[in-house]
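Next comes protein.txt, a file with compact mmCIF, C-alpha atoms.
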# COMPACT_ATOMS: atom_id res chain seq x y z
CA ALA A 1 -34.56 -20.84 -48.79
CA LYS A 2 -31.24 -21.67 -47.18
CA ASP A 3 -30.05 -21.92 -43.60
CA ALA A 4 -28.66 -18.77 -42.08
CA ILE A 5 -24.85 -18.83 -41.75
CA VAL A 6 -22.78 -16.90 -39.25
CA LYS A 7 -18.99 -16.98 -39.13
CA TYR A 8 -17.78 -16.45 -35.58
CA GLY A 9 -14.01 -16.50 -35.35
CA SER A 10 -12.90 -19.74 -36.99
CA MET A 11 -16.35 -21.31 -36.56
CA GLU A 12 -19.17 -21.40 -39.09
CA LEU A 13 -22.59 -21.63 -37.44
CA THR A 14 -25.86 -22.40 -39.18
CA SER A 15 -29.53 -22.06 -38.25
CA ALA A 16 -32.79 -22.95 -39.99
CA THR A 17 -34.12 -19.52 -38.94
CA ASN A 18 -32.66 -16.04 -38.66
CA LYS A 19 -32.47 -16.38 -34.89
CA MET A 20 -29.51 -18.12 -33.27
CA GLU A 21 -29.76 -19.06 -29.61
CA ASN A 22 -26.68 -19.14 -27.34
CA VAL A 23 -24.13 -18.71 -30.14
CA ILE A 24 -22.33 -16.78 -27.45
CA ASP A 25 -23.13 -18.03 -23.96
CA GLY A 26 -26.36 -16.37 -22.82
CA ILE A 27 -26.81 -14.31 -26.01
CA SER A 28 -29.27 -14.67 -28.91
CA LEU A 29 -28.59 -13.22 -32.36
CA ASN A 30 -31.40 -11.94 -34.60
CA LEU A 31 -30.02 -11.84 -38.18
CA LYS A 32 -31.56 -9.11 -40.33
CA ASP A 33 -29.02 -8.54 -43.09
CA THR A 34 -25.72 -9.78 -44.50
CA GLY A 35 -22.39 -8.23 -43.60
CA ALA A 36 -19.93 -7.95 -40.75
CA VAL A 37 -21.13 -7.06 -37.26
CA ASN A 38 -19.23 -6.30 -34.08
CA VAL A 39 -20.96 -7.68 -31.02
CA LYS A 40 -20.09 -5.94 -27.77
CA VAL A 41 -21.13 -7.63 -24.54
CA GLU A 42 -21.29 -5.43 -21.46
CA ARG A 43 -22.61 -6.11 -17.99
CA ASP A 44 -25.85 -4.37 -17.05
CA ASP A 45 -25.05 -2.61 -13.75
CA ALA A 46 -28.46 -0.89 -13.77
CA ALA A 47 -30.27 -4.25 -13.89
CA VAL A 48 -28.10 -5.61 -11.06
CA ASN A 49 -28.81 -2.52 -8.97
CA THR A 50 -32.53 -2.97 -9.65
CA ASN A 51 -32.41 -6.63 -8.60
CA ILE A 52 -30.52 -5.85 -5.38
CA LYS A 53 -32.99 -3.08 -4.54
CA ALA A 54 -35.89 -5.47 -5.26
CA PHE A 55 -34.37 -7.98 -2.83
CA VAL A 56 -33.95 -5.29 -0.15
CA ASP A 57 -37.54 -4.08 -0.67
CA ALA A 58 -38.91 -7.63 -0.44
CA TYR A 59 -36.92 -8.32 2.75
CA ASN A 60 -38.09 -5.04 4.29
CA SER A 61 -41.69 -5.85 3.38
CA VAL A 62 -41.44 -9.13 5.29
CA ILE A 63 -39.87 -7.43 8.33
CA GLU A 64 -42.48 -4.64 8.39
CA THR A 65 -45.35 -7.12 8.06
CA VAL A 66 -43.97 -9.24 10.89
CA ASN A 67 -43.45 -6.15 13.06
CA THR A 68 -47.09 -5.14 12.45
CA TYR A 69 -48.55 -8.53 13.37
CA THR A 70 -46.30 -9.33 16.34
CA LYS A 71 -46.33 -6.07 18.28
CA SER A 72 -48.52 -5.59 21.31
CA SER A 73 -50.28 -2.42 22.41
CA GLU A 74 -52.69 -1.16 25.04
CA ASP A 75 -55.50 -2.52 22.87
CA GLY A 76 -54.11 -6.04 23.14
CA ALA A 77 -51.71 -8.46 21.49
CA ALA A 78 -51.43 -8.70 17.70
CA ALA A 79 -52.36 -11.86 15.81
CA LEU A 80 -48.81 -13.30 15.77
CA SER A 81 -47.62 -11.91 19.08
CA GLY A 82 -45.48 -14.54 20.79
CA ASP A 83 -45.65 -16.88 17.80
CA SER A 84 -42.56 -19.11 17.93
CA ALA A 85 -42.56 -20.01 14.21
CA THR A 86 -42.52 -16.35 13.20
CA ARG A 87 -39.72 -15.53 15.65
CA SER A 88 -37.71 -18.48 14.34
CA MET A 89 -38.13 -17.45 10.70
CA ILE A 90 -37.06 -13.85 11.33
CA SER A 91 -34.10 -14.99 13.44
CA ARG A 92 -32.89 -17.27 10.64
CA MET A 93 -33.37 -14.57 7.99
CA ARG A 94 -31.39 -12.07 10.06
CA GLY A 95 -28.69 -14.70 10.49
CA VAL A 96 -28.35 -14.98 6.71
CA ILE A 97 -28.27 -11.19 6.32
CA GLY A 98 -25.55 -10.80 8.96
CA ASP A 99 -23.47 -13.85 7.97
CA GLU A 100 -20.03 -13.82 6.33
CA TYR A 101 -19.57 -15.43 2.89
CA THR A 102 -15.96 -16.40 2.43
CA ILE A 103 -16.49 -17.47 -1.21
CA SER A 104 -16.21 -13.81 -2.22
CA THR A 105 -13.82 -10.94 -1.59
CA TYR A 106 -16.96 -9.14 -0.43
CA GLN A 107 -17.95 -11.24 2.55
CA THR A 108 -20.75 -9.19 4.14
CA LEU A 109 -23.63 -7.04 2.95
CA SER A 110 -22.23 -4.09 4.87
CA GLN A 111 -19.19 -4.13 2.57
CA LEU A 112 -21.62 -3.49 -0.28
CA GLY A 113 -23.27 -0.60 1.56
CA ILE A 114 -26.28 -2.62 2.73
CA THR A 115 -26.83 -2.27 6.47
CA THR A 116 -29.54 -3.06 9.01
CA SER A 117 -31.50 -0.22 10.61
CA ARG A 118 -32.71 -0.13 14.21
CA LYS A 119 -36.13 -1.35 13.02
CA GLY A 120 -34.52 -4.43 11.47
CA THR A 121 -35.02 -3.28 7.88
CA LEU A 122 -32.22 -2.94 5.32
CA GLU A 123 -30.82 0.34 4.00
CA ILE A 124 -28.65 0.86 0.90
CA ASP A 125 -25.72 3.25 0.61
CA GLN A 126 -26.00 3.61 -3.17
CA LYS A 127 -22.57 5.16 -3.67
CA LYS A 128 -20.88 2.31 -1.80
CA LEU A 129 -22.85 -0.30 -3.74
CA ASP A 130 -22.01 1.33 -7.08
CA LYS A 131 -18.32 1.39 -6.16
CA ALA A 132 -18.38 -2.29 -5.16
CA LEU A 133 -19.98 -3.20 -8.50
CA GLU A 134 -17.42 -1.12 -10.37
CA ASP A 135 -14.43 -2.49 -8.44
CA ASP A 136 -15.34 -6.19 -8.50
CA PHE A 137 -18.62 -7.05 -10.19
CA GLU A 138 -17.98 -10.80 -10.08
CA ALA A 139 -17.32 -10.74 -6.33
CA VAL A 140 -20.69 -9.06 -5.72
CA SER A 141 -22.41 -11.63 -7.90
CA THR A 142 -20.62 -14.52 -6.16
CA MET A 143 -21.60 -13.32 -2.70
CA PHE A 144 -25.28 -13.28 -3.68
CA LEU A 145 -25.42 -16.30 -6.01
CA GLY A 146 -22.47 -18.48 -4.98
CA ASN A 147 -20.44 -20.50 -7.45
CA ASP A 148 -20.13 -24.07 -8.68
CA THR A 149 -18.88 -25.37 -5.33
CA GLN A 150 -20.43 -23.14 -2.65
CA THR A 151 -23.79 -21.51 -2.05
CA GLY A 152 -24.33 -17.77 -1.83
CA MET A 153 -26.56 -15.61 0.32
CA MET A 154 -29.64 -16.01 -1.88
CA ASP A 155 -29.34 -19.81 -1.76
CA GLU A 156 -29.31 -19.68 2.05
CA MET A 157 -32.29 -17.33 2.08
CA LEU A 158 -34.30 -19.54 -0.29
CA VAL A 159 -33.69 -22.57 1.94
CA ILE A 160 -35.30 -20.70 4.85
CA LEU A 161 -38.24 -19.45 2.79
CA ASP A 162 -38.84 -22.96 1.41
CA ASP A 163 -38.86 -24.38 4.95
CA TYR A 164 -41.70 -22.04 5.86
CA HIS A 165 -43.58 -21.29 2.67
CA LYS A 166 -43.05 -24.12 0.18
CA ASN A 167 -45.64 -26.88 -0.05
CA GLY A 168 -45.33 -28.86 3.16
CA GLY A 169 -43.47 -26.04 4.91
CA THR A 170 -44.22 -24.74 8.40
CA TYR A 171 -46.70 -22.06 7.36
CA ASP A 172 -48.37 -24.22 4.73
CA ARG A 173 -48.97 -26.89 7.39
CA ARG A 174 -50.35 -24.29 9.78
CA ILE A 175 -52.64 -22.89 7.08
CA ASP A 176 -53.92 -26.42 6.44
CA GLN A 177 -54.52 -26.89 10.16
CA LEU A 178 -56.37 -23.56 10.43
CA GLU A 179 -58.51 -24.36 7.39
CA TYR A 180 -59.35 -27.75 8.93
CA SER A 181 -60.18 -26.07 12.26
CA ASN A 182 -62.39 -23.51 10.51
CA LYS A 183 -64.19 -26.31 8.71
CA GLN A 184 -64.76 -28.09 12.02
CA ILE A 185 -66.04 -24.88 13.60
CA VAL A 186 -68.52 -24.41 10.73
CA GLU A 187 -69.74 -28.00 11.12
CA ASP A 188 -69.99 -27.61 14.90
CA ARG A 189 -71.99 -24.39 14.49
CA GLU A 190 -74.38 -26.10 12.09
CA LYS A 191 -74.87 -28.96 14.56
CA LEU A 192 -75.38 -26.47 17.40
CA ASP A 193 -77.95 -24.57 15.32
CA GLU A 194 -79.81 -27.84 14.73
CA ARG A 195 -79.76 -28.66 18.46
CA MET A 196 -80.89 -25.15 19.36
CA GLU A 197 -83.77 -25.35 16.86
CA ALA A 198 -84.84 -28.73 18.26
CA LYS A 199 -84.58 -27.37 21.82
CA THR A 200 -86.63 -24.31 20.86
CA LEU A 201 -89.40 -26.49 19.43
CA TYR A 202 -89.35 -28.67 22.55
CA LEU A 203 -89.62 -25.68 24.89
CA ARG A 204 -92.40 -24.13 22.84
CA ASN A 205 -94.41 -27.35 23.04
CA TYR A 206 -93.60 -27.74 26.73
CA TYR A 207 -94.74 -24.23 27.65
CA ALA A 208 -97.76 -24.48 25.37
CA LYS A 209 -98.89 -27.55 27.31
CA MET A 210 -98.14 -25.78 30.59
CA ASP A 211 -100.25 -22.80 29.50
CA SER A 212 -103.06 -25.16 28.58
CA GLN A 213 -102.89 -26.90 31.98
CA ILE A 214 -102.81 -23.58 33.83
CA ALA A 215 -105.84 -22.43 31.85
CA GLN A 216 -107.69 -25.64 32.84
CA MET A 217 -106.69 -25.17 36.48
CA ASN A 218 -107.96 -21.58 36.40
CA GLN A 219 -111.23 -22.75 34.89
CA THR A 220 -111.61 -25.46 37.56
CA GLN A 221 -110.82 -22.93 40.28
CA SER A 222 -113.48 -20.58 38.94
CA MET A 223 -116.04 -23.38 38.91
CA LEU A 224 -115.24 -24.36 42.53
CA VAL A 225 -115.48 -20.75 43.69
CA SER A 226 -118.85 -20.33 42.01
CA MET A 227 -120.15 -23.55 43.59
CA LEU A 228 -119.07 -22.47 47.07
CA MET A 229 -120.77 -19.14 46.70

Kindly present the structure from the file in structure tokens form.
Amino acid sequence: AKDAIVKYGSMELTSATNKMENVIDGISLNLKDTGAVNVKVERDDAAVNTNIKAFVDAYNSVIETVNTYTKSSEDGAAALSGDSATRSMISRMRGVIGDEYTISTYQTLSQLGITTSRKGTLEIDQKKLDKALEDDFEAVSTMFLGNDTQTGMMDEMLVILDDYHKNGGTYDRRIDQLEYSNKQIVEDREKLDERMEAKTLYLRNYYAKMDSQIAQMNQTQSMLVSMLM
């Protein structure tokens, strides 16, 4: 058995297996036969569209969940109504969505056809997004992902999510506090149950003795009445 050999331009590349990783940046070659092969690399607009839609869906899911648990009604306030941490998180996320990113020729989401509805969720104008990808694919990518010197929109969004959700973040600390409080409540209830049981036994004994004394008093009273008669 010999190493696999691939001639790429003026270079001769070898591999101990028939799979070559990153011969071309980001591409793997699976060698199945000898001969000349033309490799055509094209961008995958469908995958990019899918990823952008997944981001929009995830953002909308967060907004809708927050709206559900912060709204008040005639039946009373929701669980997170008036919660400052939740308001702060949503405010920061909306700031990222509405910000301008000067690292790209596309500087706002609205230029890509992604706009904010009255409910705070995002909507996609698919035709406008497709045109932006066709006209300047790299600019769309740069606005989302940044480049070697500047951060993009997703970097800014991840910073916010890490602040709240990553280990040691705001919500993780609050979850820890709530779990500790729940544990304390369980312990307090167990102690209260023990005190209530002890109090119950005490009262039973107390009233049993009282009943016994009353019975003796009634017996004495009966004896005195019979003597007087």

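Reported to one decimal place, the separation of CA of Ile90 in chain A from CA of Tyr69 in chain A is 12.8 Å.
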
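The interatomic distance for the pair CA of Glu134 in chain A and CA of Met93 in chain A works out to 27.8 Å.
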
Practice item. Would you please work out which residue, of A:Asn182, A:Ser28, A:Asn38, A:Ile214, is nearest to Gly9 in chain A when using all atoms listed in the file? Key: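 Comparing A:Asn182, A:Ser28, A:Asn38, A:Ile214 against Gly9 in chain A, the winner is A:Asn38.
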
Check your understanding: Interatomic distance between CA of Thr50 in chain A and CA of Ile63 in chain A?
Key ->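 Taking CA of Thr50 in chain A as the start and CA of Ile63 in chain A as the end point, the length is 19.9 Å.
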
Distance table requested - range 146-200 of chain A against range 80-87 of chain A, cut-off 12 Å, only C-alpha atoms: one row per qualifying residue with the closest atom pair and its distance in Å to one decimal, ordered by chain and rising residue number, as JSON lines.
{"residue": "A:Ile160", "atom": "CA", "partner": "A:Thr86", "partner_atom": "CA", "distance": 11.9}
{"residue": "A:Leu161", "atom": "CA", "partner": "A:Thr86", "partner_atom": "CA", "distance": 11.7}
{"residue": "A:Asp163", "atom": "CA", "partner": "A:Ala85", "partner_atom": "CA", "distance": 10.9}
{"residue": "A:Tyr164", "atom": "CA", "partner": "A:Ala85", "partner_atom": "CA", "distance": 8.6}
{"residue": "A:His165", "atom": "CA", "partner": "A:Ala85", "partner_atom": "CA", "distance": 11.7}
{"residue": "A:Gly169", "atom": "CA", "partner": "A:Ala85", "partner_atom": "CA", "distance": 11.1}
{"residue": "A:Thr170", "atom": "CA", "partner": "A:Ala85", "partner_atom": "CA", "distance": 7.7}
{"residue": "A:Tyr171", "atom": "CA", "partner": "A:Ala85", "partner_atom": "CA", "distance": 8.3}
{"residue": "A:Asp172", "atom": "CA", "partner": "A:Ala85", "partner_atom": "CA", "distance": 11.9}
{"residue": "A:Arg173", "atom": "CA", "partner": "A:Ala85", "partner_atom": "CA", "distance": 11.6}
{"residue": "A:Arg174", "atom": "CA", "partner": "A:Ala85", "partner_atom": "CA", "distance": 9.9}

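Here the question is which of A:Ala208, A:Ile175, A:Met196, A:Tyr59 gets nearest to Leu158 in chain A using only C-alpha atoms, and that residue is A:Tyr59.
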
So that I can look at just that part, could you write range 119-151 of chain A with N, CA, C and O atoms, as a PDB file, in the first residue's frame?
ATOM      1  N   LYS A 119     -44.932  43.762  17.591  1.00  0.00           N
ATOM      2  CA  LYS A 119     -44.840  42.900  18.769  1.00  0.00           C
ATOM      3  C   LYS A 119     -43.400  42.719  19.242  1.00  0.00           C
ATOM      4  O   LYS A 119     -43.162  42.095  20.271  1.00  0.00           O
ATOM      5  N   GLY A 120     -42.447  43.263  18.470  1.00  0.00           N
ATOM      6  CA  GLY A 120     -41.044  43.137  18.852  1.00  0.00           C
ATOM      7  C   GLY A 120     -40.343  41.968  18.204  1.00  0.00           C
ATOM      8  O   GLY A 120     -39.139  41.789  18.387  1.00  0.00           O
ATOM      9  N   THR A 121     -41.085  41.140  17.454  1.00  0.00           N
ATOM     10  CA  THR A 121     -40.478  40.004  16.767  1.00  0.00           C
ATOM     11  C   THR A 121     -39.917  40.446  15.415  1.00  0.00           C
ATOM     12  O   THR A 121     -40.233  41.537  14.920  1.00  0.00           O
ATOM     13  N   LEU A 122     -39.075  39.590  14.830  1.00  0.00           N
ATOM     14  CA  LEU A 122     -38.456  39.907  13.543  1.00  0.00           C
ATOM     15  C   LEU A 122     -39.231  39.275  12.396  1.00  0.00           C
ATOM     16  O   LEU A 122     -39.782  38.188  12.526  1.00  0.00           O
ATOM     17  N   GLU A 123     -39.250  39.985  11.255  1.00  0.00           N
ATOM     18  CA  GLU A 123     -39.887  39.474  10.048  1.00  0.00           C
ATOM     19  C   GLU A 123     -38.881  39.556   8.902  1.00  0.00           C
ATOM     20  O   GLU A 123     -38.060  40.476   8.848  1.00  0.00           O
ATOM     21  N   ILE A 124     -38.940  38.585   7.980  1.00  0.00           N
ATOM     22  CA  ILE A 124     -37.991  38.536   6.866  1.00  0.00           C
ATOM     23  C   ILE A 124     -38.704  38.809   5.545  1.00  0.00           C
ATOM     24  O   ILE A 124     -39.713  38.167   5.227  1.00  0.00           O
ATOM     25  N   ASP A 125     -38.178  39.772   4.804  1.00  0.00           N
ATOM     26  CA  ASP A 125     -38.588  39.973   3.412  1.00  0.00           C
ATOM     27  C   ASP A 125     -37.649  39.101   2.575  1.00  0.00           C
ATOM     28  O   ASP A 125     -36.513  39.491   2.298  1.00  0.00           O
ATOM     29  N   GLN A 126     -38.107  37.915   2.193  1.00  0.00           N
ATOM     30  CA  GLN A 126     -37.228  36.929   1.571  1.00  0.00           C
ATOM     31  C   GLN A 126     -36.621  37.426   0.266  1.00  0.00           C
ATOM     32  O   GLN A 126     -35.449  37.161  -0.027  1.00  0.00           O
ATOM     33  N   LYS A 127     -37.389  38.135  -0.525  1.00  0.00           N
ATOM     34  CA  LYS A 127     -36.868  38.639  -1.797  1.00  0.00           C
ATOM     35  C   LYS A 127     -35.719  39.618  -1.569  1.00  0.00           C
ATOM     36  O   LYS A 127     -34.698  39.577  -2.272  1.00  0.00           O
ATOM     37  N   LYS A 128     -35.865  40.486  -0.575  1.00  0.00           N
ATOM     38  CA  LYS A 128     -34.818  41.463  -0.285  1.00  0.00           C
ATOM     39  C   LYS A 128     -33.570  40.772   0.254  1.00  0.00           C
ATOM     40  O   LYS A 128     -32.439  41.151  -0.085  1.00  0.00           O
ATOM     41  N   LEU A 129     -33.764  39.757   1.087  1.00  0.00           N
ATOM     42  CA  LEU A 129     -32.619  39.019   1.627  1.00  0.00           C
ATOM     43  C   LEU A 129     -31.903  38.273   0.512  1.00  0.00           C
ATOM     44  O   LEU A 129     -30.659  38.289   0.442  1.00  0.00           O
ATOM     45  N   ASP A 130     -32.642  37.612  -0.364  1.00  0.00           N
ATOM     46  CA  ASP A 130     -32.024  36.892  -1.483  1.00  0.00           C
ATOM     47  C   ASP A 130     -31.223  37.837  -2.366  1.00  0.00           C
ATOM     48  O   ASP A 130     -30.123  37.482  -2.827  1.00  0.00           O
ATOM     49  N   LYS A 131     -31.747  39.026  -2.605  1.00  0.00           N
ATOM     50  CA  LYS A 131     -31.037  39.998  -3.453  1.00  0.00           C
ATOM     51  C   LYS A 131     -29.750  40.465  -2.780  1.00  0.00           C
ATOM     52  O   LYS A 131     -28.711  40.626  -3.431  1.00  0.00           O
ATOM     53  N   ALA A 132     -29.817  40.680  -1.452  1.00  0.00           N
ATOM     54  CA  ALA A 132     -28.621  41.115  -0.728  1.00  0.00           C
ATOM     55  C   ALA A 132     -27.541  40.039  -0.798  1.00  0.00           C
ATOM     56  O   ALA A 132     -26.356  40.334  -1.000  1.00  0.00           O
ATOM     57  N   LEU A 133     -27.933  38.771  -0.659  1.00  0.00           N
ATOM     58  CA  LEU A 133     -26.969  37.672  -0.747  1.00  0.00           C
ATOM     59  C   LEU A 133     -26.389  37.564  -2.147  1.00  0.00           C
ATOM     60  O   LEU A 133     -25.197  37.275  -2.322  1.00  0.00           O
ATOM     61  N   GLU A 134     -27.205  37.798  -3.142  1.00  0.00           N
ATOM     62  CA  GLU A 134     -26.738  37.731  -4.528  1.00  0.00           C
ATOM     63  C   GLU A 134     -25.819  38.896  -4.859  1.00  0.00           C
ATOM     64  O   GLU A 134     -24.780  38.716  -5.512  1.00  0.00           O
ATOM     65  N   ASP A 135     -26.159  40.093  -4.380  1.00  0.00           N
ATOM     66  CA  ASP A 135     -25.371  41.284  -4.708  1.00  0.00           C
ATOM     67  C   ASP A 135     -24.029  41.311  -3.983  1.00  0.00           C
ATOM     68  O   ASP A 135     -23.007  41.679  -4.573  1.00  0.00           O
ATOM     69  N   ASP A 136     -24.021  40.957  -2.700  1.00  0.00           N
ATOM     70  CA  ASP A 136     -22.769  41.050  -1.928  1.00  0.00           C
ATOM     71  C   ASP A 136     -22.817  40.052  -0.771  1.00  0.00           C
ATOM     72  O   ASP A 136     -23.068  40.410   0.380  1.00  0.00           O
ATOM     73  N   PHE A 137     -22.547  38.803  -1.099  1.00  0.00           N
ATOM     74  CA  PHE A 137     -22.603  37.727  -0.114  1.00  0.00           C
ATOM     75  C   PHE A 137     -21.649  37.989   1.050  1.00  0.00           C
ATOM     76  O   PHE A 137     -21.995  37.792   2.213  1.00  0.00           O
ATOM     77  N   GLU A 138     -20.438  38.425   0.749  1.00  0.00           N
ATOM     78  CA  GLU A 138     -19.433  38.649   1.787  1.00  0.00           C
ATOM     79  C   GLU A 138     -19.850  39.744   2.754  1.00  0.00           C
ATOM     80  O   GLU A 138     -19.579  39.670   3.955  1.00  0.00           O
ATOM     81  N   ALA A 139     -20.522  40.774   2.237  1.00  0.00           N
ATOM     82  CA  ALA A 139     -20.964  41.869   3.110  1.00  0.00           C
ATOM     83  C   ALA A 139     -22.010  41.383   4.103  1.00  0.00           C
ATOM     84  O   ALA A 139     -22.013  41.794   5.268  1.00  0.00           O
ATOM     85  N   VAL A 140     -22.911  40.502   3.650  1.00  0.00           N
ATOM     86  CA  VAL A 140     -23.912  39.932   4.554  1.00  0.00           C
ATOM     87  C   VAL A 140     -23.226  39.112   5.642  1.00  0.00           C
ATOM     88  O   VAL A 140     -23.530  39.245   6.837  1.00  0.00           O
ATOM     89  N   SER A 141     -22.277  38.277   5.215  1.00  0.00           N
ATOM     90  CA  SER A 141     -21.540  37.454   6.168  1.00  0.00           C
ATOM     91  C   SER A 141     -20.791  38.313   7.176  1.00  0.00           C
ATOM     92  O   SER A 141     -20.796  38.031   8.375  1.00  0.00           O
ATOM     93  N   THR A 142     -20.141  39.379   6.691  1.00  0.00           N
ATOM     94  CA  THR A 142     -19.355  40.247   7.580  1.00  0.00           C
ATOM     95  C   THR A 142     -20.235  40.945   8.599  1.00  0.00           C
ATOM     96  O   THR A 142     -19.855  41.095   9.763  1.00  0.00           O
ATOM     97  N   MET A 143     -21.428  41.369   8.193  1.00  0.00           N
ATOM     98  CA  MET A 143     -22.306  42.050   9.136  1.00  0.00           C
ATOM     99  C   MET A 143     -22.705  41.123  10.280  1.00  0.00           C
ATOM    100  O   MET A 143     -22.763  41.512  11.447  1.00  0.00           O
ATOM    101  N   PHE A 144     -22.943  39.867   9.972  1.00  0.00           N
ATOM    102  CA  PHE A 144     -23.326  38.897  11.007  1.00  0.00           C
ATOM    103  C   PHE A 144     -22.126  38.418  11.825  1.00  0.00           C
ATOM    104  O   PHE A 144     -22.203  38.325  13.050  1.00  0.00           O
ATOM    105  N   LEU A 145     -21.024  38.097  11.147  1.00  0.00           N
ATOM    106  CA  LEU A 145     -19.912  37.403  11.797  1.00  0.00           C
ATOM    107  C   LEU A 145     -18.689  38.267  12.061  1.00  0.00           C
ATOM    108  O   LEU A 145     -17.773  37.839  12.771  1.00  0.00           O
ATOM    109  N   GLY A 146     -18.658  39.493  11.506  1.00  0.00           N
ATOM    110  CA  GLY A 146     -17.499  40.348  11.711  1.00  0.00           C
ATOM    111  C   GLY A 146     -16.327  39.913  10.843  1.00  0.00           C
ATOM    112  O   GLY A 146     -16.460  39.112   9.920  1.00  0.00           O
ATOM    113  N   ASN A 147     -15.154  40.460  11.159  1.00  0.00           N
ATOM    114  CA  ASN A 147     -13.945  40.068  10.439  1.00  0.00           C
ATOM    115  C   ASN A 147     -12.793  39.938  11.429  1.00  0.00           C
ATOM    116  O   ASN A 147     -13.029  39.827  12.638  1.00  0.00           O
ATOM    117  N   ASP A 148     -11.577  39.964  10.930  1.00  0.00           N
ATOM    118  CA  ASP A 148     -10.424  39.748  11.802  1.00  0.00           C
ATOM    119  C   ASP A 148     -10.204  40.877  12.796  1.00  0.00           C
ATOM    120  O   ASP A 148      -9.527  40.695  13.812  1.00  0.00           O
ATOM    121  N   THR A 149     -10.736  42.058  12.515  1.00  0.00           N
ATOM    122  CA  THR A 149     -10.465  43.214  13.373  1.00  0.00           C
ATOM    123  C   THR A 149     -11.677  43.716  14.152  1.00  0.00           C
ATOM    124  O   THR A 149     -11.523  44.348  15.190  1.00  0.00           O
ATOM    125  N   GLN A 150     -12.886  43.434  13.658  1.00  0.00           N
ATOM    126  CA  GLN A 150     -14.086  43.943  14.311  1.00  0.00           C
ATOM    127  C   GLN A 150     -15.136  42.844  14.481  1.00  0.00           C
ATOM    128  O   GLN A 150     -15.186  41.890  13.692  1.00  0.00           O
ATOM    129  N   THR A 151     -15.938  42.990  15.504  1.00  0.00           N
ATOM    130  CA  THR A 151     -16.983  42.007  15.773  1.00  0.00           C
ATOM    131  C   THR A 151     -18.223  42.297  14.942  1.00  0.00           C
ATOM    132  O   THR A 151     -18.474  43.437  14.535  1.00  0.00           O
TER     133      THR A 151
END
